[in-house]
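Raw structure-v7.cif, mmCIF, C-alpha atoms:
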data_target
#
loop_
_atom_site.label_atom_id
_atom_site.label_comp_id
_atom_site.auth_asym_id
_atom_site.auth_seq_id
_atom_site.Cartn_x
_atom_site.Cartn_y
_atom_site.Cartn_z
CA MET X 12 -187.89 93.64 -126.36
CA LEU X 13 -186.32 93.10 -129.76
CA LEU X 14 -186.61 96.21 -131.93
CA ALA X 15 -185.59 96.05 -135.58
CA THR X 16 -185.41 98.40 -138.54
CA TRP X 17 -185.41 97.35 -142.19
CA ASN X 18 -185.61 99.18 -145.49
CA ILE X 19 -187.68 96.51 -147.20
CA ASN X 20 -187.63 98.09 -150.70
CA SER X 21 -191.28 97.20 -151.47
CA ILE X 22 -193.27 95.32 -148.87
CA ARG X 23 -195.52 93.70 -151.48
CA ALA X 24 -192.50 92.20 -153.24
CA ARG X 25 -191.02 90.94 -149.98
CA VAL X 26 -193.89 90.20 -147.63
CA ASP X 27 -192.90 86.53 -147.42
CA ARG X 28 -189.34 87.45 -146.47
CA ALA X 29 -190.60 89.85 -143.79
CA VAL X 30 -192.92 87.20 -142.34
CA ALA X 31 -190.13 84.61 -142.32
CA PHE X 32 -187.80 87.10 -140.64
CA LEU X 33 -190.29 87.75 -137.84
CA GLU X 34 -190.94 84.04 -137.36
CA ARG X 35 -187.23 83.26 -137.25
CA THR X 36 -186.10 86.08 -134.95
CA GLY X 37 -189.08 86.77 -132.71
CA VAL X 38 -188.64 90.52 -133.18
CA ASP X 39 -191.29 92.41 -131.18
CA VAL X 40 -191.29 95.68 -133.10
CA LEU X 41 -190.25 96.08 -136.73
CA ALA X 42 -189.86 99.52 -138.30
CA LEU X 43 -190.02 99.37 -142.09
CA GLN X 44 -188.97 101.90 -144.70
CA GLU X 45 -189.49 102.25 -148.45
CA THR X 46 -192.67 100.20 -148.30
CA LYS X 47 -193.74 101.65 -151.68
CA VAL X 48 -197.45 101.18 -151.11
CA LYS X 49 -200.55 103.17 -150.20
CA ASP X 50 -201.97 102.54 -146.76
CA GLU X 51 -205.02 100.74 -148.07
CA ALA X 52 -202.91 98.33 -150.14
CA PHE X 53 -200.42 97.35 -147.43
CA PRO X 54 -200.47 93.53 -146.98
CA ARG X 55 -201.52 93.55 -143.34
CA GLU X 56 -203.09 90.12 -143.00
CA PRO X 57 -199.95 87.95 -142.86
CA PHE X 58 -198.54 90.08 -140.05
CA GLU X 59 -201.79 90.29 -138.15
CA ALA X 60 -201.99 86.50 -138.34
CA LEU X 61 -198.67 86.41 -136.44
CA GLY X 62 -200.06 88.69 -133.73
CA TYR X 63 -198.66 92.03 -134.92
CA GLU X 64 -200.56 95.28 -135.08
CA VAL X 65 -199.77 97.20 -138.26
CA VAL X 66 -199.45 100.97 -138.58
CA THR X 67 -198.65 102.43 -142.00
CA HIS X 68 -197.89 105.74 -143.66
CA GLY X 69 -197.82 105.61 -147.44
CA TYR X 70 -199.27 107.67 -150.26
CA SER X 71 -198.00 106.06 -153.45
CA GLN X 72 -195.46 103.67 -154.96
CA TRP X 73 -192.66 105.83 -153.55
CA ASN X 74 -191.27 106.15 -150.02
CA GLY X 75 -193.56 104.83 -147.29
CA VAL X 76 -192.91 103.73 -143.69
CA ALA X 77 -194.59 101.31 -141.31
CA VAL X 78 -194.35 99.87 -137.81
CA LEU X 79 -195.33 96.31 -136.88
CA SER X 80 -195.72 95.65 -133.16
CA ARG X 81 -196.80 92.76 -130.98
CA VAL X 82 -196.34 94.81 -127.78
CA GLY X 83 -199.08 97.33 -128.49
CA VAL X 84 -199.44 100.55 -130.48
CA ALA X 85 -200.47 103.99 -129.26
CA ASP X 86 -200.16 107.68 -130.10
CA VAL X 87 -199.67 107.27 -133.83
CA GLU X 88 -198.09 110.31 -135.49
CA ARG X 89 -197.57 110.52 -139.25
CA GLY X 90 -194.80 113.02 -139.85
CA PHE X 91 -192.94 115.02 -137.22
CA PRO X 92 -193.44 118.65 -136.18
CA GLY X 93 -191.90 121.02 -138.69
CA GLN X 94 -191.26 118.32 -141.32
CA PRO X 95 -190.26 120.03 -144.59
CA THR X 96 -192.23 119.52 -147.77
CA TRP X 97 -191.15 118.50 -151.24
CA GLY X 98 -192.56 119.06 -154.70
CA ASP X 99 -194.75 121.64 -156.39
CA PRO X 100 -197.05 122.18 -154.68
CA GLY X 101 -195.09 121.23 -151.59
CA ALA X 102 -196.27 118.24 -149.56
CA ALA X 103 -194.88 116.30 -146.61
CA GLU X 104 -193.71 112.94 -147.90
CA ALA X 105 -194.39 109.60 -146.18
CA ARG X 106 -190.97 109.38 -144.54
CA ALA X 107 -191.60 109.48 -140.78
CA LEU X 108 -193.96 107.51 -138.56
CA GLY X 109 -194.04 107.66 -134.78
CA VAL X 110 -195.72 104.90 -132.74
CA THR X 111 -195.45 104.08 -129.04
CA CYS X 112 -194.81 100.33 -128.66
CA GLY X 113 -194.36 98.75 -125.25
CA GLY X 114 -193.54 102.13 -123.72
CA VAL X 115 -190.94 103.03 -126.39
CA ARG X 116 -191.59 105.86 -128.82
CA VAL X 117 -190.46 104.30 -132.10
CA TRP X 118 -189.84 106.51 -135.12
CA SER X 119 -189.49 104.72 -138.46
CA LEU X 120 -187.50 107.12 -140.63
CA TYR X 121 -186.68 107.19 -144.32
CA VAL X 122 -184.37 110.17 -144.71
CA PRO X 123 -184.33 111.77 -148.18
CA ASN X 124 -181.56 110.49 -150.44
CA GLY X 125 -180.24 113.86 -151.58
CA ARG X 126 -179.56 112.61 -155.12
CA GLU X 127 -176.52 114.76 -155.95
CA VAL X 128 -174.58 117.47 -154.14
CA GLY X 129 -176.08 120.78 -155.22
CA ASP X 130 -179.40 119.25 -156.26
CA PRO X 131 -182.50 120.78 -154.63
CA HIS X 132 -183.13 117.37 -153.08
CA TYR X 133 -179.78 117.63 -151.29
CA THR X 134 -180.88 120.89 -149.67
CA TYR X 135 -184.21 119.27 -148.85
CA LYS X 136 -182.35 116.42 -147.15
CA LEU X 137 -180.34 118.78 -144.95
CA ASP X 138 -183.45 120.81 -144.09
CA TRP X 139 -185.34 117.61 -143.28
CA LEU X 140 -182.59 116.43 -140.92
CA ALA X 141 -182.38 119.84 -139.23
CA ALA X 142 -186.12 119.87 -138.62
CA LEU X 143 -186.03 116.33 -137.23
CA ARG X 144 -183.14 117.29 -134.95
CA ASP X 145 -185.15 120.23 -133.61
CA ALA X 146 -188.14 118.00 -132.99
CA ALA X 147 -185.99 115.35 -131.32
CA GLN X 148 -184.37 117.94 -129.07
CA GLY X 149 -187.82 119.15 -128.11
CA TRP X 150 -188.87 115.64 -127.08
CA LEU X 151 -185.97 115.45 -124.63
CA GLU X 152 -186.54 118.96 -123.32
CA ALA X 153 -190.17 118.08 -122.62
CA ASP X 154 -189.22 114.80 -120.92
CA PRO X 155 -185.55 113.98 -120.25
CA GLN X 156 -186.59 110.39 -119.42
CA ALA X 157 -188.41 109.88 -122.71
CA GLN X 158 -187.88 106.47 -124.31
CA VAL X 159 -187.29 107.42 -127.95
CA ALA X 160 -185.88 105.31 -130.79
CA MET X 161 -185.22 106.98 -134.14
CA VAL X 162 -184.43 104.11 -136.46
CA GLY X 163 -184.33 103.61 -140.18
CA ASP X 164 -182.55 104.37 -143.41
CA TRP X 165 -180.67 107.60 -142.74
CA ASN X 166 -179.00 107.72 -146.15
CA ILE X 167 -175.79 108.88 -144.45
CA ALA X 168 -172.56 106.97 -143.85
CA PRO X 169 -171.20 108.74 -140.75
CA LEU X 170 -167.64 107.36 -140.98
CA ASP X 171 -165.23 106.58 -143.80
CA THR X 172 -165.26 102.97 -142.63
CA ASP X 173 -169.01 102.90 -143.31
CA VAL X 174 -168.40 102.79 -147.08
CA TRP X 175 -166.50 100.24 -149.09
CA ASP X 176 -164.19 102.81 -150.73
CA PRO X 177 -164.03 106.41 -149.45
CA ALA X 178 -162.19 107.50 -152.60
CA TRP X 179 -165.04 106.23 -154.80
CA PHE X 180 -167.55 108.25 -152.74
CA ALA X 181 -165.57 111.49 -152.81
CA GLY X 182 -167.85 114.32 -153.93
CA ARG X 183 -170.97 112.17 -153.73
CA THR X 184 -173.89 112.33 -151.34
CA HIS X 185 -174.10 110.32 -148.11
CA VAL X 186 -170.55 111.18 -147.04
CA THR X 187 -170.33 114.97 -147.37
CA PRO X 188 -169.30 117.03 -144.33
CA ALA X 189 -172.71 118.73 -144.26
CA GLU X 190 -174.59 115.42 -144.14
CA ARG X 191 -172.29 113.95 -141.53
CA SER X 192 -172.59 117.09 -139.41
CA ALA X 193 -176.38 116.92 -139.68
CA PHE X 194 -176.24 113.33 -138.45
CA GLU X 195 -173.83 114.12 -135.62
CA ALA X 196 -176.13 116.92 -134.46
CA PHE X 197 -178.44 114.32 -132.94
CA ALA X 198 -175.62 113.13 -130.70
CA ARG X 199 -175.03 116.71 -129.61
CA THR X 200 -178.63 116.89 -128.42
CA GLY X 201 -178.14 113.81 -126.23
CA TYR X 202 -179.02 110.82 -128.42
CA THR X 203 -176.72 107.82 -128.92
CA GLU X 204 -176.37 105.74 -132.07
CA VAL X 205 -176.63 102.49 -130.16
CA SER X 206 -175.90 100.06 -132.97
CA ARG X 207 -172.44 101.63 -133.16
CA THR X 208 -172.02 101.34 -129.41
CA HIS X 209 -172.66 97.61 -129.48
CA LEU X 210 -171.34 96.83 -132.95
CA PRO X 211 -168.39 99.12 -133.69
CA ALA X 212 -166.71 96.85 -136.24
CA GLU X 213 -165.37 98.47 -139.39
CA ARG X 214 -166.74 97.57 -142.84
CA THR X 215 -169.93 96.25 -141.26
CA PHE X 216 -172.49 97.25 -143.85
CA THR X 217 -176.29 97.31 -144.04
CA TYR X 218 -176.76 98.12 -147.74
CA TRP X 219 -175.31 96.77 -150.98
CA ASP X 220 -176.37 97.98 -154.43
CA TYR X 221 -177.87 95.34 -156.72
CA GLN X 222 -175.44 96.25 -159.51
CA GLN X 223 -171.81 95.26 -160.16
CA LEU X 224 -171.71 92.34 -157.72
CA ARG X 225 -171.56 94.75 -154.80
CA PHE X 226 -172.79 92.19 -152.27
CA PRO X 227 -170.46 89.28 -153.16
CA ARG X 228 -167.58 91.77 -153.09
CA ASN X 229 -168.82 93.28 -149.81
CA GLU X 230 -168.86 96.72 -151.40
CA GLY X 231 -171.53 98.20 -149.20
CA MET X 232 -172.54 101.05 -146.92
CA ARG X 233 -173.64 101.33 -143.31
CA ILE X 234 -176.59 103.70 -143.54
CA ASP X 235 -179.34 101.96 -141.51
CA LEU X 236 -178.84 103.44 -138.07
CA THR X 237 -180.45 103.58 -134.64
CA TYR X 238 -180.45 106.68 -132.45
CA ALA X 239 -181.78 106.25 -128.90
CA SER X 240 -182.59 108.78 -126.21
CA PRO X 241 -180.48 108.60 -123.02
CA ALA X 242 -183.09 106.65 -121.07
CA LEU X 243 -183.54 104.13 -123.87
CA ALA X 244 -179.84 103.86 -124.71
CA ALA X 245 -179.23 102.71 -121.15
CA ARG X 246 -181.57 99.78 -121.78
CA VAL X 247 -180.01 98.60 -125.05
CA THR X 248 -177.87 95.56 -124.30
CA GLY X 249 -176.87 94.47 -127.79
CA ALA X 250 -177.22 94.95 -131.53
CA ARG X 251 -176.77 92.86 -134.62
CA ILE X 252 -176.92 93.26 -138.38
CA GLU X 253 -178.81 90.46 -140.16
CA ARG X 254 -176.46 90.21 -143.14
CA ASP X 255 -177.90 86.91 -144.39
CA GLU X 256 -181.14 88.69 -145.32
CA ARG X 257 -179.26 90.06 -148.34
CA LYS X 258 -178.97 86.50 -149.66
CA GLY X 259 -181.52 84.25 -151.29
CA LYS X 260 -184.52 84.98 -153.49
CA GLN X 261 -185.53 88.61 -154.11
CA PRO X 262 -183.72 90.24 -151.20
CA SER X 263 -183.97 93.89 -150.36
CA ASP X 264 -180.76 95.81 -150.98
CA HIS X 265 -180.79 96.62 -147.24
CA VAL X 266 -180.72 94.23 -144.27
CA PRO X 267 -182.32 94.51 -140.83
CA VAL X 268 -180.58 95.99 -137.81
CA VAL X 269 -181.83 94.49 -134.52
CA LEU X 270 -181.56 96.04 -131.06
CA GLU X 271 -181.89 94.09 -127.83
CA VAL X 272 -183.69 96.22 -125.24
CA ALA X 273 -183.83 95.19 -121.58
CA GLY X 274 -186.93 95.67 -119.50
CA PRO X 275 -187.48 99.04 -117.77
#

Would you kindly transcribe this structure into structure tokens?
Amino acid sequence: MLLATWNINSIRARVDRAVAFLERTGVDVLALQETKVKDEAFPREPFEALGYEVVTHGYSQWNGVAVLSRVGVADVERGFPGQPTWGDPGAAEARALGVTCGGVRVWSLYVPNGREVGDPHYTYKLDWLAALRDAAQGWLEADPQAQVAMVGDWNIAPLDTDVWDPAWFAGRTHVTPAERSAFEAFARTGYTEVSRTHLPAERTFTYWDYQQLRFPRNEGMRIDLTYASPALAARVTGARIERDERKGKQPSDHVPVVLEVAGP
């Protein structure tokens, strides 16, 4: 199985790129983030024509996650147990979607950005990650052999080498000790960030801002990440970052990360 994650930054603006990516790579399961579309307006037909089933979770022009699978879908879950709310009145945002595809429990995740250190959204981000960690720990406690993939835009750069200039990021979100500790907590519960295992290279980014020629200068961040449960991590045989997807006409500011998963 080929399992990929991609913050598409508006599926309606980039449906042709997503279709071309699937045709070119033969990815079996694609987890999307920041789809920016309500469920009823998601452009399903081009993907269904390729043989993919489409599961979506989107309320508005903000956030939104989806899973496209040609190896089956089952047990759809929109949001995870204990997911924090945001806004007034508080509501669970469309940031997490769980779907079982070919025996793997795939979670497409769009972790809150945090905005600025000290902002209420920063606290929300940390609370959101803590609640997800508790849920993820519970999945392993219930079934130590569970095949779980938590993939997506984590909005955290776990290492200094995951940003183009650590000094520039000092005091900003994505690199604070609290965020990095919240990310590392998943490893302490038994999960492995498998893209790092198979692609440990420094300055290997997945996101480049549209402004200030960040991509030509390779001034990026590695924030699209792939945690796997122990049973699934043992099946991952490789990973790659599809950097060329940042080129060409109307690219997303993120690129796909692809995992190669051996048969059970």

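Residue nearest Arg23 (chain X), chosen from X:Asp50, X:Thr36, X:Glu256, X:Leu140 and counting all atoms listed in the file: X:Asp50.
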
**Message:** Expand the PyMOL selection byres ((chain X and resi 213) around 8) into the explicit residue set it covers here, and present it as a PyMOL selection string.
**Reply:** chain X and resi 172-173+211-212+214-215

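Distances to Leu120 (chain X) were evaluated for X:Thr134, X:Thr187, X:Thr16, X:Ser80 using all atoms listed in the file, and the minimum falls at X:Thr16.
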
Using only C-alpha atoms, the best pick from X:Gln72, X:Glu64, X:Gln94, X:Glu34 as closest to Ala52 (chain X) would be X:Gln72

The distance between CA of Asp145 (chain X) and CA of Ala107 (chain X) is 14.4 Å

At a cut-off of 10 Å, using all atoms listed in the file, what residues contact Ser240 (chain X)? Leave out same-chain residues fewer than 5 positions from it and give the result as an MDAnalysis selection string.
chainID X and resid 116 147:148 150:151 155:161 197:198 200:205 245

Just say which residues the PyMOL selection byres ((chain X and resi 96-105) around 9) picks in this file, as a list in words.
His68, Gly69, Tyr70, Ser71, Trp73, Asn74, Gly75, Val76, Arg89, Gly90, Gln94, Pro95, Arg106, Ala107, Leu108, Tyr121, His132, Tyr135 and Trp139 of chain X

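Counting from CA of Val82 (chain X), the distance to CA of Asn20 (chain X) is 24.7 Å.
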
Q.
as a PyMOL selection string, please: the residues near Met12 (chain X) (cut-off 7 Å, only C-alpha atoms, same-chain neighbours under 2 positions excluded).
A. chain X and resi 14+39+271-273

Would you write out those residues with C-alpha atoms, as an mmCIF file, in the frame of the given file?
data_model
loop_
_atom_site.group_PDB
_atom_site.id
_atom_site.type_symbol
_atom_site.label_atom_id
_atom_site.label_comp_id
_atom_site.auth_asym_id
_atom_site.auth_seq_id
_atom_site.Cartn_x
_atom_site.Cartn_y
_atom_site.Cartn_z
ATOM 1 C CA LEU X 14 -186.610 96.210 -131.930
ATOM 2 C CA ASP X 39 -191.290 92.410 -131.180
ATOM 3 C CA GLU X 271 -181.890 94.090 -127.830
ATOM 4 C CA VAL X 272 -183.690 96.220 -125.240
ATOM 5 C CA ALA X 273 -183.830 95.190 -121.580
#

Using only the atoms of region 224-231 of chain X listed in the file, plus 4 Å on each side, state the axis-aligned box centre and edge lengths in Å rounded to one decimal, as lines of an AutoDock Vina configuration file.
center_x = -170.2
center_y = 93.7
center_z = -153.5
size_x = 13.2
size_y = 16.9
size_z = 16.5

At the level of all heavy atoms, write region 17-28 of chain X to a file as a PDB file, in the first residue's frame, please.
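Written file, selection-v5.pdb:
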ATOM      1  N   TRP X  17      -1.288  15.105   2.400  1.00  0.00           N
ATOM      2  CA  TRP X  17      -1.037  16.339   1.646  1.00  0.00           C
ATOM      3  C   TRP X  17      -1.982  17.431   2.128  1.00  0.00           C
ATOM      4  O   TRP X  17      -3.203  17.289   2.048  1.00  0.00           O
ATOM      5  CB  TRP X  17      -1.281  16.070   0.163  1.00  0.00           C
ATOM      6  CG  TRP X  17      -0.801  17.135  -0.789  1.00  0.00           C
ATOM      7  CD1 TRP X  17      -0.150  18.295  -0.500  1.00  0.00           C
ATOM      8  CD2 TRP X  17      -0.943  17.105  -2.219  1.00  0.00           C
ATOM      9  NE1 TRP X  17       0.129  18.989  -1.633  1.00  0.00           N
ATOM     10  CE2 TRP X  17      -0.340  18.272  -2.713  1.00  0.00           C
ATOM     11  CE3 TRP X  17      -1.508  16.207  -3.123  1.00  0.00           C
ATOM     12  CZ2 TRP X  17      -0.298  18.567  -4.076  1.00  0.00           C
ATOM     13  CZ3 TRP X  17      -1.464  16.497  -4.464  1.00  0.00           C
ATOM     14  CH2 TRP X  17      -0.866  17.658  -4.934  1.00  0.00           C
ATOM     15  N   ASN X  18      -1.415  18.514   2.621  1.00  0.00           N
ATOM     16  CA  ASN X  18      -2.193  19.728   2.855  1.00  0.00           C
ATOM     17  C   ASN X  18      -2.369  20.388   1.489  1.00  0.00           C
ATOM     18  O   ASN X  18      -1.438  20.988   0.947  1.00  0.00           O
ATOM     19  CB  ASN X  18      -1.476  20.666   3.832  1.00  0.00           C
ATOM     20  CG  ASN X  18      -2.251  21.960   4.071  1.00  0.00           C
ATOM     21  OD1 ASN X  18      -2.829  22.530   3.165  1.00  0.00           O
ATOM     22  ND2 ASN X  18      -2.232  22.440   5.310  1.00  0.00           N
ATOM     23  N   ILE X  19      -3.557  20.291   0.950  1.00  0.00           N
ATOM     24  CA  ILE X  19      -3.819  20.682  -0.425  1.00  0.00           C
ATOM     25  C   ILE X  19      -4.120  22.172  -0.557  1.00  0.00           C
ATOM     26  O   ILE X  19      -4.063  22.733  -1.645  1.00  0.00           O
ATOM     27  CB  ILE X  19      -4.973  19.838  -1.013  1.00  0.00           C
ATOM     28  CG1 ILE X  19      -5.029  19.901  -2.542  1.00  0.00           C
ATOM     29  CG2 ILE X  19      -6.310  20.243  -0.389  1.00  0.00           C
ATOM     30  CD1 ILE X  19      -3.904  19.191  -3.222  1.00  0.00           C
ATOM     31  N   ASN X  20      -4.455  22.837   0.566  1.00  0.00           N
ATOM     32  CA  ASN X  20      -4.711  24.288   0.568  1.00  0.00           C
ATOM     33  C   ASN X  20      -5.767  24.668  -0.472  1.00  0.00           C
ATOM     34  O   ASN X  20      -5.523  25.476  -1.364  1.00  0.00           O
ATOM     35  CB  ASN X  20      -3.413  25.065   0.354  1.00  0.00           C
ATOM     36  CG  ASN X  20      -3.577  26.556   0.614  1.00  0.00           C
ATOM     37  OD1 ASN X  20      -4.572  26.985   1.184  1.00  0.00           O
ATOM     38  ND2 ASN X  20      -2.600  27.335   0.191  1.00  0.00           N
ATOM     39  N   SER X  21      -6.935  24.060  -0.329  1.00  0.00           N
ATOM     40  CA  SER X  21      -8.120  24.241  -1.174  1.00  0.00           C
ATOM     41  C   SER X  21      -8.179  23.184  -2.270  1.00  0.00           C
ATOM     42  O   SER X  21      -7.482  23.262  -3.287  1.00  0.00           O
ATOM     43  CB  SER X  21      -8.210  25.627  -1.818  1.00  0.00           C
ATOM     44  OG  SER X  21      -9.350  25.685  -2.679  1.00  0.00           O
ATOM     45  N   ILE X  22      -9.044  22.200  -2.046  1.00  0.00           N
ATOM     46  CA  ILE X  22      -9.178  21.108  -3.007  1.00  0.00           C
ATOM     47  C   ILE X  22      -9.829  21.590  -4.296  1.00  0.00           C
ATOM     48  O   ILE X  22      -9.485  21.123  -5.391  1.00  0.00           O
ATOM     49  CB  ILE X  22      -9.961  19.919  -2.402  1.00  0.00           C
ATOM     50  CG1 ILE X  22      -9.995  18.735  -3.366  1.00  0.00           C
ATOM     51  CG2 ILE X  22     -11.373  20.339  -2.009  1.00  0.00           C
ATOM     52  CD1 ILE X  22      -8.628  18.183  -3.707  1.00  0.00           C
ATOM     53  N   ARG X  23     -10.729  22.561  -4.210  1.00  0.00           N
ATOM     54  CA  ARG X  23     -11.377  23.030  -5.443  1.00  0.00           C
ATOM     55  C   ARG X  23     -10.381  23.771  -6.337  1.00  0.00           C
ATOM     56  O   ARG X  23     -10.487  23.699  -7.563  1.00  0.00           O
ATOM     57  CB  ARG X  23     -12.577  23.916  -5.094  1.00  0.00           C
ATOM     58  CG  ARG X  23     -13.780  23.135  -4.578  1.00  0.00           C
ATOM     59  CD  ARG X  23     -14.968  24.007  -4.300  1.00  0.00           C
ATOM     60  NE  ARG X  23     -14.734  24.905  -3.177  1.00  0.00           N
ATOM     61  CZ  ARG X  23     -15.658  25.724  -2.666  1.00  0.00           C
ATOM     62  NH1 ARG X  23     -16.873  25.747  -3.186  1.00  0.00           N
ATOM     63  NH2 ARG X  23     -15.368  26.484  -1.643  1.00  0.00           N
ATOM     64  N   ALA X  24      -9.420  24.449  -5.736  1.00  0.00           N
ATOM     65  CA  ALA X  24      -8.413  25.154  -6.534  1.00  0.00           C
ATOM     66  C   ALA X  24      -7.390  24.202  -7.130  1.00  0.00           C
ATOM     67  O   ALA X  24      -6.742  24.533  -8.127  1.00  0.00           O
ATOM     68  CB  ALA X  24      -7.713  26.206  -5.676  1.00  0.00           C
ATOM     69  N   ARG X  25      -7.266  23.004  -6.539  1.00  0.00           N
ATOM     70  CA  ARG X  25      -6.169  22.113  -6.935  1.00  0.00           C
ATOM     71  C   ARG X  25      -6.621  20.688  -7.224  1.00  0.00           C
ATOM     72  O   ARG X  25      -5.854  19.751  -7.112  1.00  0.00           O
ATOM     73  CB  ARG X  25      -5.085  22.134  -5.844  1.00  0.00           C
ATOM     74  CG  ARG X  25      -4.486  23.511  -5.716  1.00  0.00           C
ATOM     75  CD  ARG X  25      -3.429  23.672  -4.654  1.00  0.00           C
ATOM     76  NE  ARG X  25      -2.924  25.026  -4.756  1.00  0.00           N
ATOM     77  CZ  ARG X  25      -3.479  26.093  -4.156  1.00  0.00           C
ATOM     78  NH1 ARG X  25      -4.532  25.932  -3.375  1.00  0.00           N
ATOM     79  NH2 ARG X  25      -2.987  27.299  -4.331  1.00  0.00           N
ATOM     80  N   VAL X  26      -7.873  20.528  -7.605  1.00  0.00           N
ATOM     81  CA  VAL X  26      -8.374  19.193  -7.886  1.00  0.00           C
ATOM     82  C   VAL X  26      -7.602  18.557  -9.035  1.00  0.00           C
ATOM     83  O   VAL X  26      -7.283  17.351  -8.992  1.00  0.00           O
ATOM     84  CB  VAL X  26      -9.897  19.219  -8.161  1.00  0.00           C
ATOM     85  CG1 VAL X  26     -10.230  20.070  -9.371  1.00  0.00           C
ATOM     86  CG2 VAL X  26     -10.437  17.808  -8.323  1.00  0.00           C
ATOM     87  N   ASP X  27      -7.263  19.325 -10.064  1.00  0.00           N
ATOM     88  CA  ASP X  27      -6.529  18.755 -11.190  1.00  0.00           C
ATOM     89  C   ASP X  27      -5.141  18.286 -10.771  1.00  0.00           C
ATOM     90  O   ASP X  27      -4.667  17.239 -11.233  1.00  0.00           O
ATOM     91  CB  ASP X  27      -6.408  19.783 -12.320  1.00  0.00           C
ATOM     92  CG  ASP X  27      -7.738  20.065 -13.001  1.00  0.00           C
ATOM     93  OD1 ASP X  27      -8.674  19.269 -12.820  1.00  0.00           O
ATOM     94  OD2 ASP X  27      -7.843  21.091 -13.701  1.00  0.00           O
ATOM     95  N   ARG X  28      -4.495  19.029  -9.889  1.00  0.00           N
ATOM     96  CA  ARG X  28      -3.180  18.611  -9.406  1.00  0.00           C
ATOM     97  C   ARG X  28      -3.297  17.332  -8.583  1.00  0.00           C
ATOM     98  O   ARG X  28      -2.447  16.440  -8.682  1.00  0.00           O
ATOM     99  CB  ARG X  28      -2.539  19.721  -8.568  1.00  0.00           C
ATOM    100  CG  ARG X  28      -2.095  20.931  -9.367  1.00  0.00           C
ATOM    101  CD  ARG X  28      -1.188  21.823  -8.547  1.00  0.00           C
ATOM    102  NE  ARG X  28       0.087  21.173  -8.297  1.00  0.00           N
ATOM    103  CZ  ARG X  28       1.265  21.638  -8.730  1.00  0.00           C
ATOM    104  NH1 ARG X  28       1.312  22.756  -9.438  1.00  0.00           N
ATOM    105  NH2 ARG X  28       2.380  20.992  -8.451  1.00  0.00           N
TER     106      ARG X  28
END
